[in-house]
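Enquirer: Structure file model.pdb (PDB, C-alpha atoms) right here:
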ATOM      1  CA  MET G   1      27.743-114.537   4.726
ATOM      2  CA  SER G   2      26.819-117.068   7.311
ATOM      3  CA  GLU G   3      27.902-117.009  10.914
ATOM      4  CA  PRO G   4      30.736-119.332  11.930
ATOM      5  CA  ALA G   5      29.610-122.638  13.307
ATOM      6  CA  THR G   6      29.971-122.950  17.020
ATOM      7  CA  ASN G   7      31.687-125.925  18.489
ATOM      8  CA  PRO G   8      29.040-127.925  20.427
ATOM      9  CA  ALA G   9      31.634-129.158  22.901
ATOM     10  CA  ALA G  10      32.562-125.603  23.814
ATOM     11  CA  THR G  11      28.975-124.649  24.567
ATOM     12  CA  SER G  12      27.841-127.771  26.402
ATOM     13  CA  PHE G  13      30.603-128.100  28.993
ATOM     14  CA  PRO G  14      31.081-125.487  31.697
ATOM     15  CA  ALA G  15      34.472-124.039  32.491
ATOM     16  CA  PRO G  16      36.338-125.551  35.428
ATOM     17  CA  THR G  17      35.284-124.069  38.751
ATOM     18  CA  ILE G  18      38.169-123.251  41.045
ATOM     19  CA  SER G  19      38.585-120.336  43.389
ATOM     20  CA  LEU G  20      42.170-121.065  44.398
ATOM     21  CA  PRO G  21      44.945-119.397  42.429
ATOM     22  CA  LEU G  22      46.983-121.635  40.169
ATOM     23  CA  GLY G  23      50.739-121.890  39.890
ATOM     24  CA  LEU G  24      53.066-121.057  42.731
ATOM     25  CA  GLU G  25      50.556-118.485  44.018
ATOM     26  CA  VAL G  26      48.542-121.330  45.547
ATOM     27  CA  LEU G  27      51.338-121.815  48.071
ATOM     28  CA  ARG G  28      50.706-118.291  49.388
ATOM     29  CA  THR G  29      47.143-119.141  50.429
ATOM     30  CA  TYR G  30      46.095-120.766  53.687
ATOM     31  CA  SER G  31      44.711-123.734  51.762
ATOM     32  CA  GLY G  32      47.939-124.265  49.865
ATOM     33  CA  ALA G  33      49.973-123.991  53.052
ATOM     34  CA  LEU G  34      47.692-126.496  54.792
ATOM     35  CA  VAL G  35      48.089-128.979  51.941
ATOM     36  CA  CYS G  36      51.869-128.635  52.316
ATOM     37  CA  VAL G  37      51.559-129.276  56.066
ATOM     38  CA  GLU G  38      49.302-132.281  55.367
ATOM     39  CA  ILE G  39      51.934-133.714  53.037
ATOM     40  CA  LEU G  40      54.821-133.014  55.432
ATOM     41  CA  PHE G  41      53.212-134.348  58.621
ATOM     42  CA  GLY G  42      51.418-137.153  56.778
ATOM     43  CA  GLY G  43      54.789-138.282  55.484
ATOM     44  CA  LEU G  44      56.116-138.168  59.041
ATOM     45  CA  VAL G  45      53.257-140.381  60.241
ATOM     46  CA  TRP G  46      54.011-142.810  57.435
ATOM     47  CA  ILE G  47      57.742-142.874  58.258
ATOM     48  CA  LEU G  48      57.228-143.156  62.017
ATOM     49  CA  VAL G  49      54.765-146.039  61.765
ATOM     50  CA  ALA G  50      57.003-147.777  59.239
ATOM     51  CA  SER G  51      60.004-147.375  61.541
ATOM     52  CA  SER G  52      58.220-148.942  64.486
ATOM     53  CA  ASN G  53      58.096-152.696  64.809
ATOM     54  CA  VAL G  54      54.385-152.556  63.898
ATOM     55  CA  PRO G  55      53.318-154.541  66.978
ATOM     56  CA  VAL G  56      49.677-154.755  65.844
ATOM     57  CA  PRO G  57      49.690-155.109  62.035
ATOM     58  CA  LEU G  58      45.902-155.125  61.767
ATOM     59  CA  LEU G  59      45.600-151.669  63.334
ATOM     60  CA  GLN G  60      48.795-150.099  62.098
ATOM     61  CA  GLY G  61      48.253-151.504  58.615
ATOM     62  CA  TRP G  62      45.244-149.193  58.317
ATOM     63  CA  VAL G  63      47.330-146.273  59.590
ATOM     64  CA  MET G  64      49.981-147.034  56.955
ATOM     65  CA  PHE G  65      47.341-147.325  54.209
ATOM     66  CA  VAL G  66      45.678-144.028  55.135
ATOM     67  CA  SER G  67      48.911-142.088  55.605
ATOM     68  CA  LEU G  68      50.459-143.349  52.371
ATOM     69  CA  THR G  69      47.295-142.933  50.286
ATOM     70  CA  THR G  70      46.571-139.407  51.508
ATOM     71  CA  PHE G  71      50.247-138.495  51.098
ATOM     72  CA  ILE G  72      50.097-139.525  47.429
ATOM     73  CA  LEU G  73      46.685-137.941  46.774
ATOM     74  CA  SER G  74      47.569-134.646  48.500
ATOM     75  CA  SER G  75      50.847-134.516  46.560
ATOM     76  CA  ALA G  76      48.974-135.119  43.302
ATOM     77  CA  TYR G  77      46.375-132.464  44.207
ATOM     78  CA  LEU G  78      49.063-129.902  44.999
ATOM     79  CA  THR G  79      50.929-130.798  41.802
ATOM     80  CA  ILE G  80      47.761-130.253  39.741
ATOM     81  CA  LEU G  81      47.285-126.825  41.322
ATOM     82  CA  VAL G  82      50.937-125.743  41.056
ATOM     83  CA  THR G  83      51.316-126.847  37.437
ATOM     84  CA  GLY G  84      48.017-125.203  36.448
ATOM     85  CA  LEU G  85      46.485-128.412  35.120
ATOM     86  CA  ALA G  86      43.322-127.652  37.095
ATOM     87  CA  ASP G  87      42.419-125.111  34.410
ATOM     88  CA  ARG G  88      42.480-127.820  31.741
ATOM     89  CA  ILE G  89      40.477-130.447  33.629
ATOM     90  CA  ILE G  90      36.811-129.530  33.487
ATOM     91  CA  THR G  91      35.289-130.228  36.871
ATOM     92  CA  ASP G  92      34.113-128.437  39.989
ATOM     93  CA  TRP G  93      37.434-128.286  41.838
ATOM     94  CA  ASN G  94      35.860-126.580  44.832
ATOM     95  CA  PHE G  95      33.509-129.542  45.364
ATOM     96  CA  LEU G  96      36.321-132.051  44.821
ATOM     97  CA  ASP G  97      38.412-130.168  47.368
ATOM     98  CA  VAL G  98      35.671-130.413  50.007
ATOM     99  CA  PHE G  99      34.877-134.040  49.166
ATOM    100  CA  TYR G 100      38.517-135.166  49.250
ATOM    101  CA  HIS G 101      39.271-133.401  52.515
ATOM    102  CA  PHE G 102      36.083-134.796  54.108
ATOM    103  CA  ILE G 103      37.017-138.382  53.180
ATOM    104  CA  ALA G 104      40.631-137.797  54.258
ATOM    105  CA  LEU G 105      39.391-136.338  57.560
ATOM    106  CA  LEU G 106      37.249-139.408  58.269
ATOM    107  CA  PHE G 107      39.987-141.866  57.335
ATOM    108  CA  TYR G 108      42.720-139.984  59.201
ATOM    109  CA  PHE G 109      40.589-139.644  62.330
ATOM    110  CA  ALA G 110      40.044-143.405  62.351
ATOM    111  CA  ALA G 111      43.760-143.973  61.745
ATOM    112  CA  SER G 112      44.671-141.570  64.561
ATOM    113  CA  VAL G 113      42.404-143.361  67.010
ATOM    114  CA  LEU G 114      43.835-146.742  65.990
ATOM    115  CA  GLU G 115      47.406-145.485  66.352
ATOM    116  CA  ALA G 116      46.551-144.070  69.783
ATOM    117  CA  ALA G 117      44.980-147.409  70.754
ATOM    118  CA  THR G 118      48.099-149.272  69.645
ATOM    119  CA  THR G 119      50.292-146.906  71.637
ATOM    120  CA  ALA G 120      48.056-147.067  74.717
ATOM    121  CA  ALA G 121      48.008-150.873  74.543
ATOM    122  CA  ASN G 122      51.581-150.898  75.808
ATOM    123  CA  GLY G 123      50.012-151.558  79.193
ATOM    124  CA  GLY G 124      52.904-150.289  81.246
ATOM    125  CA  ALA G 125      55.238-153.124  80.336
ATOM    126  CA  ILE G 126      58.761-152.396  81.456
ATOM    127  CA  ILE G 127      61.771-154.129  79.968
ATOM    128  CA  LYS G 128      64.916-153.633  82.004
ATOM    129  CA  LEU G 129      68.021-155.571  82.813
ATOM    130  CA  GLN G 130      68.174-156.704  86.444
ATOM    131  CA  PRO G 131      71.388-155.775  88.313
ATOM    132  CA  ASN G 132      73.874-158.607  88.894
ATOM    133  CA  SER G 133      72.193-160.668  86.222
ATOM    134  CA  THR G 134      72.772-161.448  82.579
ATOM    135  CA  GLU G 135      69.121-162.142  81.807
ATOM    136  CA  THR G 136      66.529-159.693  80.643
ATOM    137  CA  VAL G 137      63.562-159.785  82.989
ATOM    138  CA  MET G 138      60.276-158.398  81.773
ATOM    139  CA  CYS G 139      57.834-156.892  84.267
ATOM    140  CA  ILE G 140      54.355-156.853  82.731
ATOM    141  CA  THR G 141      51.305-155.287  84.296
ATOM    142  CA  TYR G 142      47.840-156.713  83.713
ATOM    143  CA  PRO G 143      46.537-155.658  80.272
ATOM    144  CA  ARG G 144      43.480-153.403  80.349
ATOM    145  CA  GLY G 145      42.048-154.351  76.980
ATOM    146  CA  ASN G 146      41.975-156.979  74.283
ATOM    147  CA  ILE G 147      45.154-155.709  72.651
ATOM    148  CA  PHE G 148      48.441-155.825  74.508
ATOM    149  CA  THR G 149      51.781-154.767  73.101
ATOM    150  CA  VAL G 150      55.249-154.858  74.566
ATOM    151  CA  LEU G 151      57.244-151.887  73.338
ATOM    152  CA  ASP G 152      60.649-150.775  74.472
ATOM    153  CA  GLU G 153      61.108-147.090  75.281
ATOM    154  CA  ARG G 154      62.274-146.199  71.757
ATOM    155  CA  GLN G 155      59.367-147.961  70.044
ATOM    156  CA  TYR G 156      56.907-146.449  72.506
ATOM    157  CA  SER G 157      58.292-142.959  71.809
ATOM    158  CA  ILE G 158      58.033-143.518  68.057
ATOM    159  CA  ASN G 159      54.391-144.576  68.418
ATOM    160  CA  VAL G 160      53.613-141.575  70.638
ATOM    161  CA  ALA G 161      55.120-139.240  68.014
ATOM    162  CA  ALA G 162      53.156-140.992  65.249
ATOM    163  CA  THR G 163      49.954-140.575  67.270
ATOM    164  CA  ILE G 164      50.568-136.865  67.853
ATOM    165  CA  PHE G 165      51.388-136.203  64.196
ATOM    166  CA  ALA G 166      48.372-138.251  63.072
ATOM    167  CA  PHE G 167      46.062-136.044  65.144
ATOM    168  CA  VAL G 168      47.795-132.901  63.823
ATOM    169  CA  VAL G 169      47.250-134.099  60.243
ATOM    170  CA  THR G 170      43.616-134.869  61.100
ATOM    171  CA  LEU G 171      43.217-131.296  62.345
ATOM    172  CA  CYS G 172      44.823-129.972  59.138
ATOM    173  CA  TYR G 173      42.422-131.985  56.976
ATOM    174  CA  GLY G 174      39.515-130.667  59.055
ATOM    175  CA  CYS G 175      40.647-127.050  58.582
ATOM    176  CA  SER G 176      41.154-127.639  54.848
ATOM    177  CA  MET G 177      37.659-129.097  54.595
ATOM    178  CA  VAL G 178      36.091-126.099  56.375
ATOM    179  CA  MET G 179      37.971-123.612  54.174
ATOM    180  CA  GLY G 180      37.062-125.599  51.070
ATOM    181  CA  PHE G 181      33.415-125.659  52.119
ATOM    182  CA  LYS G 182      33.445-121.866  52.519
ATOM    183  CA  ARG G 183      34.955-121.506  49.023
ATOM    184  CA  TRP G 184      32.472-123.961  47.540
ATOM    185  CA  ARG G 185      29.395-122.323  49.101
ATOM    186  CA  GLY G 186      30.716-118.771  49.134
TER
END
When written as structure tokens, how does the structure in this file appear?
Expert:
Amino acid sequence: MSEPATNPAATSFPAPTISLPLGLEVLRTYSGALVCVEILFGGLVWILVASSNVPVPLLQGWVMFVSLTTFILSSAYLTILVTGLADRIITDWNFLDVFYHFIALLFYFAASVLEAATTAANGGAIIKLQPNSTETVMCITYPRGNIFTVLDERQYSINVAATIFAFVVTLCYGCSMVMGFKRWRG
């Protein structure tokens, strides 16, 4: 009797490398919880920027791109882990986790700074109705930079909230990257 032939594909490809649990158990880990927070707050950034008047489309366009793209990619990543598809896709998931969170951290930090710059470019403009008058009079202070926006109080508040949430999401991506790096090297 001869020995059964081995499948060359089974011997030449390594098993997927992942140290996170699969299925719903991933949600009980710090990494899984952070991905959920990234999705939740990233979605809030996306919604808040979209609900503003987008006074500087060049800057806030990048914020929208980053928040929407990372929202979709983080949702896909979490879906792959929860459904257990990571076991069927042969790759080093620990490296991909670190790489993705590093790129997301860089992009989100840039987006956070741009959103903060857009919010800070309000320049102290005040829009208020003068008493005994039917006209709206705008009092504008001298702009401090190259970008100057005129936001009413509601729009300014929306942009402040978007800036705060963008920095929170940046912090979450940074923590996810550090934990992923420990898993990858540990």
Enquirer: Might you spell out which residues the PyMOL selection byres ((chain G and resi 26) around 12) would select in the displayed file, as number ranges by chain?
Expert: G: 18-25, 27-36, 77-84, 86
Enquirer: Keeping only C-alpha atoms, take the residues you just selected and write them out as a PDB file, in the frame of the given file.
Expert:
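Saved to result.pdb:
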ATOM      1  CA  ILE G  18      38.169-123.251  41.045  1.00  0.00           C
ATOM      2  CA  SER G  19      38.585-120.336  43.389  1.00  0.00           C
ATOM      3  CA  LEU G  20      42.170-121.065  44.398  1.00  0.00           C
ATOM      4  CA  PRO G  21      44.945-119.397  42.429  1.00  0.00           C
ATOM      5  CA  LEU G  22      46.983-121.635  40.169  1.00  0.00           C
ATOM      6  CA  GLY G  23      50.739-121.890  39.890  1.00  0.00           C
ATOM      7  CA  LEU G  24      53.066-121.057  42.731  1.00  0.00           C
ATOM      8  CA  GLU G  25      50.556-118.485  44.018  1.00  0.00           C
ATOM      9  CA  LEU G  27      51.338-121.815  48.071  1.00  0.00           C
ATOM     10  CA  ARG G  28      50.706-118.291  49.388  1.00  0.00           C
ATOM     11  CA  THR G  29      47.143-119.141  50.429  1.00  0.00           C
ATOM     12  CA  TYR G  30      46.095-120.766  53.687  1.00  0.00           C
ATOM     13  CA  SER G  31      44.711-123.734  51.762  1.00  0.00           C
ATOM     14  CA  GLY G  32      47.939-124.265  49.865  1.00  0.00           C
ATOM     15  CA  ALA G  33      49.973-123.991  53.052  1.00  0.00           C
ATOM     16  CA  LEU G  34      47.692-126.496  54.792  1.00  0.00           C
ATOM     17  CA  VAL G  35      48.089-128.979  51.941  1.00  0.00           C
ATOM     18  CA  CYS G  36      51.869-128.635  52.316  1.00  0.00           C
ATOM     19  CA  TYR G  77      46.375-132.464  44.207  1.00  0.00           C
ATOM     20  CA  LEU G  78      49.063-129.902  44.999  1.00  0.00           C
ATOM     21  CA  THR G  79      50.929-130.798  41.802  1.00  0.00           C
ATOM     22  CA  ILE G  80      47.761-130.253  39.741  1.00  0.00           C
ATOM     23  CA  LEU G  81      47.285-126.825  41.322  1.00  0.00           C
ATOM     24  CA  VAL G  82      50.937-125.743  41.056  1.00  0.00           C
ATOM     25  CA  THR G  83      51.316-126.847  37.437  1.00  0.00           C
ATOM     26  CA  GLY G  84      48.017-125.203  36.448  1.00  0.00           C
ATOM     27  CA  ALA G  86      43.322-127.652  37.095  1.00  0.00           C
TER      28      ALA G  86
END
Enquirer: Which residue is closest to G:Asn94? Choose from G:Leu68, G:Leu73, G:Val113, G:Val178 and count all atoms listed in the file.
Expert: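 Counting all atoms listed in the file, the residue closest to G:Asn94 is G:Val178.
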Enquirer: Go ahead and compute the interatomic distance for atom CA of G:Trp93 and atom CA of G:Phe65, in Å to one decimal.
Expert: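 Atom-to-atom, atom CA of G:Trp93 and atom CA of G:Phe65 are spaced 24.8 Å apart.
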Enquirer: Which value, in Å to one decimal, gives the distance between atom CA of G:Arg183 and atom CA of G:Thr70?
Expert: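 Pair atom CA of G:Arg183 / atom CA of G:Thr70 returns 21.5 Å.
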Enquirer: For atom CA of G:Ser67 and atom CA of G:Leu171, quote the distance in Å rounded to one decimal.
Expert: 13.9 Å
Enquirer: On this structure, the PyMOL selection byres ((chain G and resi 52) around 10) would catch which residues? List them as a PyMOL selection string, sorted by chain and number.
Expert: chain G and resi 47-51+53-55+60+151+154-159+162
Enquirer: Evaluating the PyMOL selection byres ((chain G and resi 104-108) around 10) on the displayed file yields which residues, as a PDB file with C-alpha atoms, in the frame of the given file?
Expert:
ATOM      1  CA  GLY G  42      51.418-137.153  56.778  1.00  0.00           C
ATOM      2  CA  TRP G  62      45.244-149.193  58.317  1.00  0.00           C
ATOM      3  CA  VAL G  63      47.330-146.273  59.590  1.00  0.00           C
ATOM      4  CA  PHE G  65      47.341-147.325  54.209  1.00  0.00           C
ATOM      5  CA  VAL G  66      45.678-144.028  55.135  1.00  0.00           C
ATOM      6  CA  SER G  67      48.911-142.088  55.605  1.00  0.00           C
ATOM      7  CA  THR G  69      47.295-142.933  50.286  1.00  0.00           C
ATOM      8  CA  THR G  70      46.571-139.407  51.508  1.00  0.00           C
ATOM      9  CA  LEU G  73      46.685-137.941  46.774  1.00  0.00           C
ATOM     10  CA  SER G  74      47.569-134.646  48.500  1.00  0.00           C
ATOM     11  CA  VAL G  98      35.671-130.413  50.007  1.00  0.00           C
ATOM     12  CA  PHE G  99      34.877-134.040  49.166  1.00  0.00           C
ATOM     13  CA  TYR G 100      38.517-135.166  49.250  1.00  0.00           C
ATOM     14  CA  HIS G 101      39.271-133.401  52.515  1.00  0.00           C
ATOM     15  CA  PHE G 102      36.083-134.796  54.108  1.00  0.00           C
ATOM     16  CA  ILE G 103      37.017-138.382  53.180  1.00  0.00           C
ATOM     17  CA  PHE G 109      40.589-139.644  62.330  1.00  0.00           C
ATOM     18  CA  ALA G 110      40.044-143.405  62.351  1.00  0.00           C
ATOM     19  CA  ALA G 111      43.760-143.973  61.745  1.00  0.00           C
ATOM     20  CA  SER G 112      44.671-141.570  64.561  1.00  0.00           C
ATOM     21  CA  VAL G 113      42.404-143.361  67.010  1.00  0.00           C
ATOM     22  CA  LEU G 114      43.835-146.742  65.990  1.00  0.00           C
ATOM     23  CA  ALA G 166      48.372-138.251  63.072  1.00  0.00           C
ATOM     24  CA  PHE G 167      46.062-136.044  65.144  1.00  0.00           C
ATOM     25  CA  VAL G 168      47.795-132.901  63.823  1.00  0.00           C
ATOM     26  CA  VAL G 169      47.250-134.099  60.243  1.00  0.00           C
ATOM     27  CA  THR G 170      43.616-134.869  61.100  1.00  0.00           C
ATOM     28  CA  LEU G 171      43.217-131.296  62.345  1.00  0.00           C
ATOM     29  CA  CYS G 172      44.823-129.972  59.138  1.00  0.00           C
ATOM     30  CA  TYR G 173      42.422-131.985  56.976  1.00  0.00           C
ATOM     31  CA  GLY G 174      39.515-130.667  59.055  1.00  0.00           C
ATOM     32  CA  CYS G 175      40.647-127.050  58.582  1.00  0.00           C
ATOM     33  CA  SER G 176      41.154-127.639  54.848  1.00  0.00           C
ATOM     34  CA  MET G 177      37.659-129.097  54.595  1.00  0.00           C
TER      35      MET G 177
END
Enquirer: Measuring atom to atom with only C-alpha atoms, identify which of G:Asp97, G:Trp46, G:Leu40, G:Thr91 is nearest to G:Ser75.
Expert: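 Ranked by minimum distance to G:Ser75, first place goes to G:Leu40.
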Enquirer: Using only the atoms of stretch 82-89 of chain G listed in the file, plus 5 Å on each side, state the axis-aligned box centre and edge lengths in Å rounded to one decimal, as lines of an AutoDock Vina configuration file.
Expert:
center_x = 45.9
center_y = -127.8
center_z = 36.4
size_x = 20.8
size_y = 15.3
size_z = 19.3
Enquirer: So, with only C-alpha atoms as the atoms that count, which of G:Leu85, G:Leu96, G:Val45, G:Leu59 lies closest to G:Ile164?
Expert: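 Looking only at the distances to G:Ile164, the closest residue turns out to be G:Val45.
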